[in-house]
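Just my_file_11.cif here, mmCIF, C-alpha atoms:
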data_input
loop_
_atom_site.group_PDB
_atom_site.id
_atom_site.type_symbol
_atom_site.label_atom_id
_atom_site.label_comp_id
_atom_site.auth_asym_id
_atom_site.auth_seq_id
_atom_site.Cartn_x
_atom_site.Cartn_y
_atom_site.Cartn_z
ATOM 1 C CA MET Q 284 81.040 125.493 -214.536
ATOM 2 C CA ASP Q 285 83.803 123.038 -213.591
ATOM 3 C CA ASN Q 286 87.215 122.825 -215.284
ATOM 4 C CA GLU Q 287 86.262 119.889 -217.492
ATOM 5 C CA GLN Q 288 83.243 121.744 -218.897
ATOM 6 C CA LEU Q 289 85.327 124.888 -219.393
ATOM 7 C CA TYR Q 290 87.994 122.943 -221.243
ATOM 8 C CA LEU Q 291 85.371 121.370 -223.527
ATOM 9 C CA HIS Q 292 84.012 124.839 -224.295
ATOM 10 C CA ILE Q 293 87.490 126.201 -225.009
ATOM 11 C CA ARG Q 294 88.330 123.164 -227.146
ATOM 12 C CA VAL Q 295 85.375 123.950 -229.422
ATOM 13 C CA VAL Q 296 86.529 127.537 -229.954
ATOM 14 C CA LEU Q 297 90.111 126.339 -230.579
ATOM 15 C CA GLY Q 298 88.800 123.838 -233.102
ATOM 16 C CA ILE Q 299 86.938 126.542 -234.998
ATOM 17 C CA ILE Q 300 89.921 128.894 -235.185
ATOM 18 C CA LEU Q 301 92.464 126.211 -236.059
ATOM 19 C CA GLY Q 302 90.032 124.645 -238.527
ATOM 20 C CA LEU Q 303 89.790 127.998 -240.310
ATOM 21 C CA GLY Q 304 93.595 128.101 -240.555
ATOM 22 C CA ILE Q 305 93.726 124.588 -242.015
ATOM 23 C CA THR Q 306 90.898 125.488 -244.410
ATOM 24 C CA LYS Q 307 92.803 128.592 -245.557
ATOM 25 C CA LEU Q 308 95.917 126.517 -246.277
ATOM 26 C CA LEU Q 309 94.067 123.700 -248.045
ATOM 27 C CA SER Q 310 92.040 126.186 -250.110
ATOM 28 C CA GLY Q 311 95.255 127.913 -251.123
ATOM 29 C CA ILE Q 312 96.897 124.638 -252.116
ATOM 30 C CA THR Q 313 93.807 123.835 -254.173
ATOM 31 C CA LEU Q 314 94.118 127.187 -255.980
ATOM 32 C CA LEU Q 315 97.744 126.383 -256.816
ATOM 33 C CA ILE Q 316 96.645 123.063 -258.305
ATOM 34 C CA GLU Q 317 93.701 124.561 -260.198
ATOM 35 C CA LYS Q 318 95.543 127.619 -261.559
ATOM 36 C CA PRO Q 319 99.299 126.913 -261.488
ATOM 37 C CA THR Q 320 100.236 129.617 -264.011
ATOM 38 C CA ARG Q 321 98.264 132.311 -262.216
ATOM 39 C CA TYR Q 322 99.640 131.694 -258.706
ATOM 40 C CA ARG Q 323 103.085 130.232 -259.546
ATOM 41 C CA TRP Q 324 104.193 127.462 -257.222
ATOM 42 C CA SER Q 325 107.559 127.855 -255.409
ATOM 43 C CA TRP Q 326 109.682 125.803 -253.013
ATOM 44 C CA LEU Q 327 109.953 128.703 -250.579
ATOM 45 C CA HIS Q 328 106.234 129.285 -250.341
ATOM 46 C CA MET Q 329 105.216 125.608 -250.262
ATOM 47 C CA SER Q 330 107.817 124.771 -247.604
ATOM 48 C CA TRP Q 331 106.273 127.375 -245.308
ATOM 49 C CA VAL Q 332 102.756 126.220 -246.211
ATOM 50 C CA VAL Q 333 103.610 122.659 -245.155
ATOM 51 C CA TRP Q 334 105.409 123.931 -242.023
ATOM 52 C CA VAL Q 335 102.406 126.033 -240.951
ATOM 53 C CA LEU Q 336 99.988 123.181 -241.675
ATOM 54 C CA LEU Q 337 102.051 120.752 -239.581
ATOM 55 C CA SER Q 338 102.477 123.393 -236.872
ATOM 56 C CA ILE Q 339 98.716 123.910 -236.628
ATOM 57 C CA VAL Q 340 98.153 120.174 -236.378
ATOM 58 C CA THR Q 341 100.866 119.957 -233.703
ATOM 59 C CA PHE Q 342 99.414 122.889 -231.779
ATOM 60 C CA TRP Q 343 95.975 121.303 -231.823
ATOM 61 C CA TRP Q 344 97.422 118.011 -230.568
ATOM 62 C CA TRP Q 345 99.454 119.609 -227.763
ATOM 63 C CA GLU Q 346 96.567 121.772 -226.578
ATOM 64 C CA ALA Q 347 95.074 118.577 -225.204
ATOM 65 C CA GLY Q 348 97.500 119.355 -222.371
ATOM 66 C CA LEU Q 349 95.126 122.129 -221.319
ATOM 67 C CA THR Q 350 93.228 119.466 -219.395
ATOM 68 C CA GLN Q 351 96.026 119.877 -216.816
ATOM 69 C CA VAL Q 352 95.056 123.483 -216.106
ATOM 70 C CA ARG Q 353 93.551 123.481 -212.613
ATOM 71 C CA HIS Q 354 91.974 126.923 -212.606
ATOM 72 C CA TRP Q 355 90.684 128.698 -215.703
ATOM 73 C CA THR Q 356 90.319 132.459 -215.803
ATOM 74 C CA PHE Q 357 88.884 134.634 -218.517
ATOM 75 C CA GLY Q 358 92.398 135.988 -219.086
ATOM 76 C CA THR Q 359 93.791 132.479 -219.638
ATOM 77 C CA TYR Q 360 90.931 131.758 -222.022
ATOM 78 C CA LEU Q 361 91.633 134.947 -224.012
ATOM 79 C CA PHE Q 362 95.353 134.125 -224.096
ATOM 80 C CA ILE Q 363 94.724 130.649 -225.560
ATOM 81 C CA ILE Q 364 92.268 132.027 -228.137
ATOM 82 C CA ALA Q 365 94.713 134.789 -229.149
ATOM 83 C CA TYR Q 366 97.503 132.222 -229.439
ATOM 84 C CA ALA Q 367 95.417 129.999 -231.734
ATOM 85 C CA SER Q 368 94.409 133.041 -233.786
ATOM 86 C CA LEU Q 369 98.054 133.742 -234.625
ATOM 87 C CA TYR Q 370 98.150 130.480 -236.565
ATOM 88 C CA TYR Q 371 95.187 131.620 -238.653
ATOM 89 C CA VAL Q 372 96.923 134.941 -239.330
ATOM 90 C CA LEU Q 373 100.085 133.059 -240.343
ATOM 91 C CA ALA Q 374 98.049 130.944 -242.783
ATOM 92 C CA THR Q 375 96.518 134.130 -244.215
ATOM 93 C CA PHE Q 376 99.983 135.589 -244.831
ATOM 94 C CA LEU Q 377 100.747 132.548 -246.985
ATOM 95 C CA PHE Q 378 97.535 132.818 -249.001
ATOM 96 C CA PRO Q 379 96.443 136.472 -249.020
ATOM 97 C CA GLY Q 380 93.330 137.489 -250.926
ATOM 98 C CA ASP Q 381 95.401 139.513 -253.402
ATOM 99 C CA VAL Q 382 99.133 139.356 -254.132
ATOM 100 C CA GLY Q 383 98.838 142.596 -256.076
ATOM 101 C CA GLU Q 384 102.036 144.000 -257.522
ATOM 102 C CA HIS Q 385 104.093 141.192 -255.944
ATOM 103 C CA GLY Q 386 103.023 138.836 -258.735
ATOM 104 C CA SER Q 387 103.107 135.628 -256.702
ATOM 105 C CA TYR Q 388 102.685 134.219 -253.229
ATOM 106 C CA GLU Q 389 106.469 134.013 -252.912
ATOM 107 C CA GLY Q 390 106.822 137.652 -253.941
ATOM 108 C CA TYR Q 391 104.211 138.646 -251.386
ATOM 109 C CA LEU Q 392 105.918 136.534 -248.699
ATOM 110 C CA MET Q 393 109.319 138.088 -249.447
ATOM 111 C CA HIS Q 394 107.842 141.587 -249.308
ATOM 112 C CA ARG Q 395 105.991 140.874 -246.043
ATOM 113 C CA ARG Q 396 108.739 138.715 -244.482
ATOM 114 C CA GLY Q 397 109.121 141.049 -241.487
ATOM 115 C CA ALA Q 398 105.525 140.472 -240.430
ATOM 116 C CA PHE Q 399 105.636 136.763 -241.306
ATOM 117 C CA PHE Q 400 108.771 136.058 -239.302
ATOM 118 C CA GLY Q 401 107.575 138.378 -236.543
ATOM 119 C CA LEU Q 402 104.528 136.122 -236.212
ATOM 120 C CA ILE Q 403 106.743 133.031 -236.063
ATOM 121 C CA ALA Q 404 108.820 134.668 -233.306
ATOM 122 C CA ALA Q 405 105.664 135.714 -231.424
ATOM 123 C CA ILE Q 406 104.198 132.205 -231.676
ATOM 124 C CA THR Q 407 107.464 130.734 -230.395
ATOM 125 C CA LEU Q 408 107.580 133.092 -227.403
ATOM 126 C CA ILE Q 409 103.876 132.722 -226.635
ATOM 127 C CA ASP Q 410 104.300 128.960 -226.704
ATOM 128 C CA LEU Q 411 106.662 129.285 -223.727
ATOM 129 C CA VAL Q 412 103.858 130.944 -221.756
ATOM 130 C CA ASP Q 413 101.370 128.342 -222.988
ATOM 131 C CA THR Q 414 103.667 125.575 -221.739
ATOM 132 C CA ALA Q 415 104.006 127.317 -218.367
ATOM 133 C CA ILE Q 416 100.209 127.473 -218.075
ATOM 134 C CA LYS Q 417 100.112 123.677 -218.399
ATOM 135 C CA GLY Q 418 102.425 123.297 -215.392
ATOM 136 C CA ASN Q 419 105.911 122.057 -214.487
ATOM 137 C CA SER Q 420 105.201 118.503 -215.580
ATOM 138 C CA ARG Q 421 104.814 119.814 -219.140
ATOM 139 C CA TRP Q 422 108.351 121.285 -219.132
ATOM 140 C CA HIS Q 423 109.771 117.937 -218.047
ATOM 141 C CA LEU Q 424 107.735 116.022 -220.599
ATOM 142 C CA LEU Q 425 109.006 118.151 -223.482
ATOM 143 C CA GLY Q 426 112.648 118.026 -222.387
ATOM 144 C CA GLU Q 427 115.631 119.455 -224.251
ATOM 145 C CA ALA Q 428 113.985 119.156 -227.663
ATOM 146 C CA TYR Q 429 111.601 121.933 -226.643
ATOM 147 C CA ALA Q 430 114.421 124.331 -225.756
ATOM 148 C CA ILE Q 431 116.180 123.485 -229.023
ATOM 149 C CA HIS Q 432 112.947 124.143 -230.908
ATOM 150 C CA ALA Q 433 112.440 127.550 -229.284
ATOM 151 C CA VAL Q 434 116.014 128.704 -229.954
ATOM 152 C CA LEU Q 435 116.004 127.349 -233.508
ATOM 153 C CA MET Q 436 112.722 129.023 -234.431
ATOM 154 C CA LEU Q 437 113.771 132.352 -232.918
ATOM 155 C CA LEU Q 438 117.018 132.218 -234.917
ATOM 156 C CA ILE Q 439 115.124 131.333 -238.091
ATOM 157 C CA ALA Q 440 112.720 134.217 -237.444
ATOM 158 C CA LEU Q 441 115.560 136.684 -236.912
ATOM 159 C CA ILE Q 442 117.534 135.580 -239.973
ATOM 160 C CA GLY Q 443 114.387 135.324 -242.102
ATOM 161 C CA TRP Q 444 113.289 138.806 -241.145
ATOM 162 C CA ARG Q 445 116.647 140.225 -242.280
ATOM 163 C CA ALA Q 446 117.488 138.029 -245.295
ATOM 164 C CA LYS Q 447 116.499 139.320 -248.718
ATOM 165 C CA ASP Q 448 118.137 136.502 -250.659
ATOM 166 C CA PRO Q 449 115.517 133.923 -251.736
ATOM 167 C CA ARG Q 450 118.117 131.130 -251.452
ATOM 168 C CA VAL Q 451 118.631 131.935 -247.775
ATOM 169 C CA GLN Q 452 114.876 132.007 -247.332
ATOM 170 C CA VAL Q 453 114.496 128.564 -248.950
ATOM 171 C CA LEU Q 454 117.269 127.221 -246.697
ATOM 172 C CA LEU Q 455 115.525 128.568 -243.574
ATOM 173 C CA ALA Q 456 112.179 127.106 -244.615
ATOM 174 C CA GLY Q 457 113.876 123.781 -245.322
ATOM 175 C CA ILE Q 458 115.593 123.746 -241.922
ATOM 176 C CA ALA Q 459 112.334 124.560 -240.126
ATOM 177 C CA LEU Q 460 110.441 121.885 -242.037
ATOM 178 C CA LEU Q 461 113.132 119.208 -241.632
ATOM 179 C CA TYR Q 462 113.359 119.895 -237.906
ATOM 180 C CA LEU Q 463 109.576 119.649 -237.498
ATOM 181 C CA VAL Q 464 109.325 116.414 -239.497
ATOM 182 C CA GLY Q 465 112.356 115.001 -237.639
ATOM 183 C CA TYR Q 466 110.735 115.860 -234.336
ATOM 184 C CA TYR Q 467 107.546 114.066 -235.429
ATOM 185 C CA VAL Q 468 109.474 110.965 -236.401
ATOM 186 C CA ILE Q 469 111.392 110.875 -233.113
ATOM 187 C CA GLN Q 470 108.410 111.726 -230.928
ATOM 188 C CA TYR Q 471 105.610 109.793 -232.578
ATOM 189 C CA VAL Q 472 107.184 107.015 -234.652
ATOM 190 C CA LEU Q 473 110.412 105.936 -232.971
ATOM 191 C CA ALA Q 474 109.166 106.506 -229.411
ATOM 192 C CA ALA Q 475 105.906 104.638 -230.030
#
Let's see the structure in the file written out as structure tokens.
Amino acid sequence: MDNEQLYLHIRVVLGIILGLGITKLLSGITLLIEKPTRYRWSWLHMSWVVWVLLSIVTFWWWEAGLTQVRHWTFGTYLFIIAYASLYYVLATFLFPGDVGEHGSYEGYLMHRRGAFFGLIAAITLIDLVDTAIKGNSRWHLLGEAYAIHAVLMLLIALIGWRAKDPRVQVLLAGIALLYLVGYYVIQYVLAA
């Protein structure tokens, strides 16, 4: 099988995994709309929901760069699939099947913030490897904004993991979301 056929095969699997993540987020948002008193909407939770949704969409878009990979191995394939799976896990943390004694999605998120922010840190670090797989031209294409993104998200993950104050958590979610939206505007609107 040549590289183009392999990439098409991998793209299908990526689409399934990332589609499940998007479905999880959209289903959760629908539950919040259908039963607002049962699931209690919050700025903290919804900011991270929007951030993860935009991050999945961004990841899916940037994985088109995998066409630049000259030689696929089973290990590279597993790495890319594991990387995409982390986004699904992140979506599941935002809309778990049962919030139990936490009373709300925000309560659950605050209680499980170590795992949630650990996933954000892992995704950020794994993205560095993913970019390296795509080759040197990818590093140059992304430029300084990519380095800023990596440092910012690792700082947010570290502070978020430690911070118990919901106001700090809302601030971190807001910073992450504003940065991501700002990046979109600069990259896709102003540069177009």
Write out as a tab-separated table the residues of range 299-391 of chain Q that have any atom within 12 Å of an atom of range 461-474 of chain Q, one row each with the nearest atom pair and its distance in Å to one decimal, counting all atoms listed in the file, sorted by chain and then rising number.
residue	atom	partner	partner_atom	distance
Q:Ser330	CA	Q:Leu461	CA	9.7
Q:Trp331	CA	Q:Leu461	CA	11.3
Q:Val333	CA	Q:Leu463	CA	10.2
Q:Trp334	CA	Q:Leu463	CA	7.5
Q:Val335	CA	Q:Leu463	CA	10.2
Q:Leu336	CA	Q:Leu463	CA	11.0
Q:Leu337	CA	Q:Leu463	CA	7.9
Q:Ser338	CA	Q:Leu463	CA	8.1
Q:Ile339	CA	Q:Leu463	CA	11.7
Q:Val340	CA	Q:Tyr467	CA	11.2
Q:Thr341	CA	Q:Tyr467	CA	9.1
Q:Trp344	CA	Q:Tyr471	CA	11.8
Skip Leu377 in chain Q itself and residues of its chain fewer than 6 positions away, then list as a PDB file with C-alpha atoms, in the coordinates of the input all residues within 10 Å of it, counting all atoms listed in the file.
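Output below, filename out-v2.pdb:
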ATOM      1  CA  LYS Q 307      92.803 128.592-245.557  1.00  0.00           C
ATOM      2  CA  LEU Q 308      95.917 126.517-246.277  1.00  0.00           C
ATOM      3  CA  GLY Q 311      95.255 127.913-251.123  1.00  0.00           C
ATOM      4  CA  HIS Q 328     106.234 129.285-250.341  1.00  0.00           C
ATOM      5  CA  MET Q 329     105.216 125.608-250.262  1.00  0.00           C
ATOM      6  CA  TRP Q 331     106.273 127.375-245.308  1.00  0.00           C
ATOM      7  CA  VAL Q 332     102.756 126.220-246.211  1.00  0.00           C
ATOM      8  CA  VAL Q 335     102.406 126.033-240.951  1.00  0.00           C
ATOM      9  CA  TYR Q 388     102.685 134.219-253.229  1.00  0.00           C
ATOM     10  CA  GLU Q 389     106.469 134.013-252.912  1.00  0.00           C
ATOM     11  CA  TYR Q 391     104.211 138.646-251.386  1.00  0.00           C
ATOM     12  CA  LEU Q 392     105.918 136.534-248.699  1.00  0.00           C
ATOM     13  CA  ARG Q 395     105.991 140.874-246.043  1.00  0.00           C
ATOM     14  CA  PHE Q 399     105.636 136.763-241.306  1.00  0.00           C
TER      15      PHE Q 399
END
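One distance worth recording is that between CA of Ala367 in chain Q and CA of Pro449 in chain Q, which is 28.6 Å.
Restricting the calculation to only C-alpha atoms, the smallest distance between Asp381 in chain Q and any of Q:Arg450, Q:Arg445, Q:His292, Q:Arg321 is found for Q:Arg321.
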Once the PyMOL selection byres ((chain Q and resi 443) around 9) has been applied to the shown file, what residues remain in the selection, as a compact mmCIF listing (two decimals) with C-alpha atoms, keeping the file's coordinate frame?
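Once written, part00.txt looks like this:
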# COMPACT_ATOMS: atom_id res chain seq x y z
CA ARG Q 396 108.74 138.72 -244.48
CA GLY Q 397 109.12 141.05 -241.49
CA PHE Q 399 105.64 136.76 -241.31
CA PHE Q 400 108.77 136.06 -239.30
CA LEU Q 438 117.02 132.22 -234.92
CA ILE Q 439 115.12 131.33 -238.09
CA ALA Q 440 112.72 134.22 -237.44
CA LEU Q 441 115.56 136.68 -236.91
CA ILE Q 442 117.53 135.58 -239.97
CA TRP Q 444 113.29 138.81 -241.14
CA ARG Q 445 116.65 140.22 -242.28
CA ALA Q 446 117.49 138.03 -245.30
CA LYS Q 447 116.50 139.32 -248.72
CA VAL Q 451 118.63 131.94 -247.78
CA GLN Q 452 114.88 132.01 -247.33
CA LEU Q 455 115.52 128.57 -243.57
CA ALA Q 456 112.18 127.11 -244.62
Once 8 Å is added on each side, what centre and edge lengths in Å to one decimal does the axis-aligned box around all listed atoms of range 409-414 of chain Q have, as AutoDock Vina command-line options?
--center_x 104.0 --center_y 129.1 --center_z -224.2 --size_x 21.3 --size_y 23.1 --size_z 21.0
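Atom pair CA of Thr350 in chain Q / CA of Ala374 in chain Q: separated by 26.5 Å.
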Quick one: which residues end up in the PyMOL selection byres ((chain Q and resi 304) around 9) for this structure, as a ChimeraX atom specification?
-> /Q:299-303,305-309,336,339,368,370-375
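Against this structure, the PyMOL selection byres ((chain Q and resi 436) around 8) ends up with Ile403, Ala404, Thr407, His432, Ala433, Val434, Leu435, Leu437, Leu438, Ile439, Ala440 and Ala459 of chain Q.
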Using all atoms listed in the file, find the one residue out of Q:Gly383, Q:Pro319, Q:Trp355, Q:Ile364 that sits nearest to Lys417 in chain Q.
-> Q:Trp355
Nearest residue to Pro379 in chain Q from the set Q:Val352, Q:Leu314, Q:Leu408, Q:Ile363 (distances using only C-alpha atoms) | Q:Leu314
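Of the listed residues Q:Leu402, Q:Leu327, Q:Val412, Q:Leu289, the one whose atoms come nearest to Phe376 in chain Q is Q:Leu402, with distances taken using all atoms listed in the file.
Reported to one decimal place, the separation of CA of Tyr429 in chain Q from CA of Phe357 in chain Q is 27.3 Å.
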Find the residues near Tyr360 in chain Q: any atom within 12 Å, counting all atoms listed in the file, skip ones fewer than 4 places away on the same chain, and give them as a JSON list (two decimals) with C-alpha atoms, keeping the file's coordinate frame.
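That gives us part-v2.json:
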[["chain", "number", "residue", "atom", "x", "y", "z"],
["Q", 286, "ASN", "CA", 87.22, 122.82, -215.28],
["Q", 289, "LEU", "CA", 85.33, 124.89, -219.39],
["Q", 290, "TYR", "CA", 87.99, 122.94, -221.24],
["Q", 291, "LEU", "CA", 85.37, 121.37, -223.53],
["Q", 292, "HIS", "CA", 84.01, 124.84, -224.30],
["Q", 293, "ILE", "CA", 87.49, 126.20, -225.01],
["Q", 294, "ARG", "CA", 88.33, 123.16, -227.15],
["Q", 296, "VAL", "CA", 86.53, 127.54, -229.95],
["Q", 297, "LEU", "CA", 90.11, 126.34, -230.58],
["Q", 349, "LEU", "CA", 95.13, 122.13, -221.32],
["Q", 352, "VAL", "CA", 95.06, 123.48, -216.11],
["Q", 354, "HIS", "CA", 91.97, 126.92, -212.61],
["Q", 355, "TRP", "CA", 90.68, 128.70, -215.70],
["Q", 356, "THR", "CA", 90.32, 132.46, -215.80],
["Q", 364, "ILE", "CA", 92.27, 132.03, -228.14],
["Q", 365, "ALA", "CA", 94.71, 134.79, -229.15],
["Q", 366, "TYR", "CA", 97.50, 132.22, -229.44],
["Q", 367, "ALA", "CA", 95.42, 130.00, -231.73],
["Q", 413, "ASP", "CA", 101.37, 128.34, -222.99],
["Q", 416, "ILE", "CA", 100.21, 127.47, -218.08]]
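Taking all atoms listed in the file into account, Ala405 in chain Q lies nearest to Q:Leu369 out of the set Q:Gln288, Q:Trp343, Q:Gly386, Q:Leu369.
Closest approach to Ala347 in chain Q among Q:Gly298, Q:Ile458, Q:Val453, Q:Gly401: Q:Gly298, based on all atoms listed in the file.
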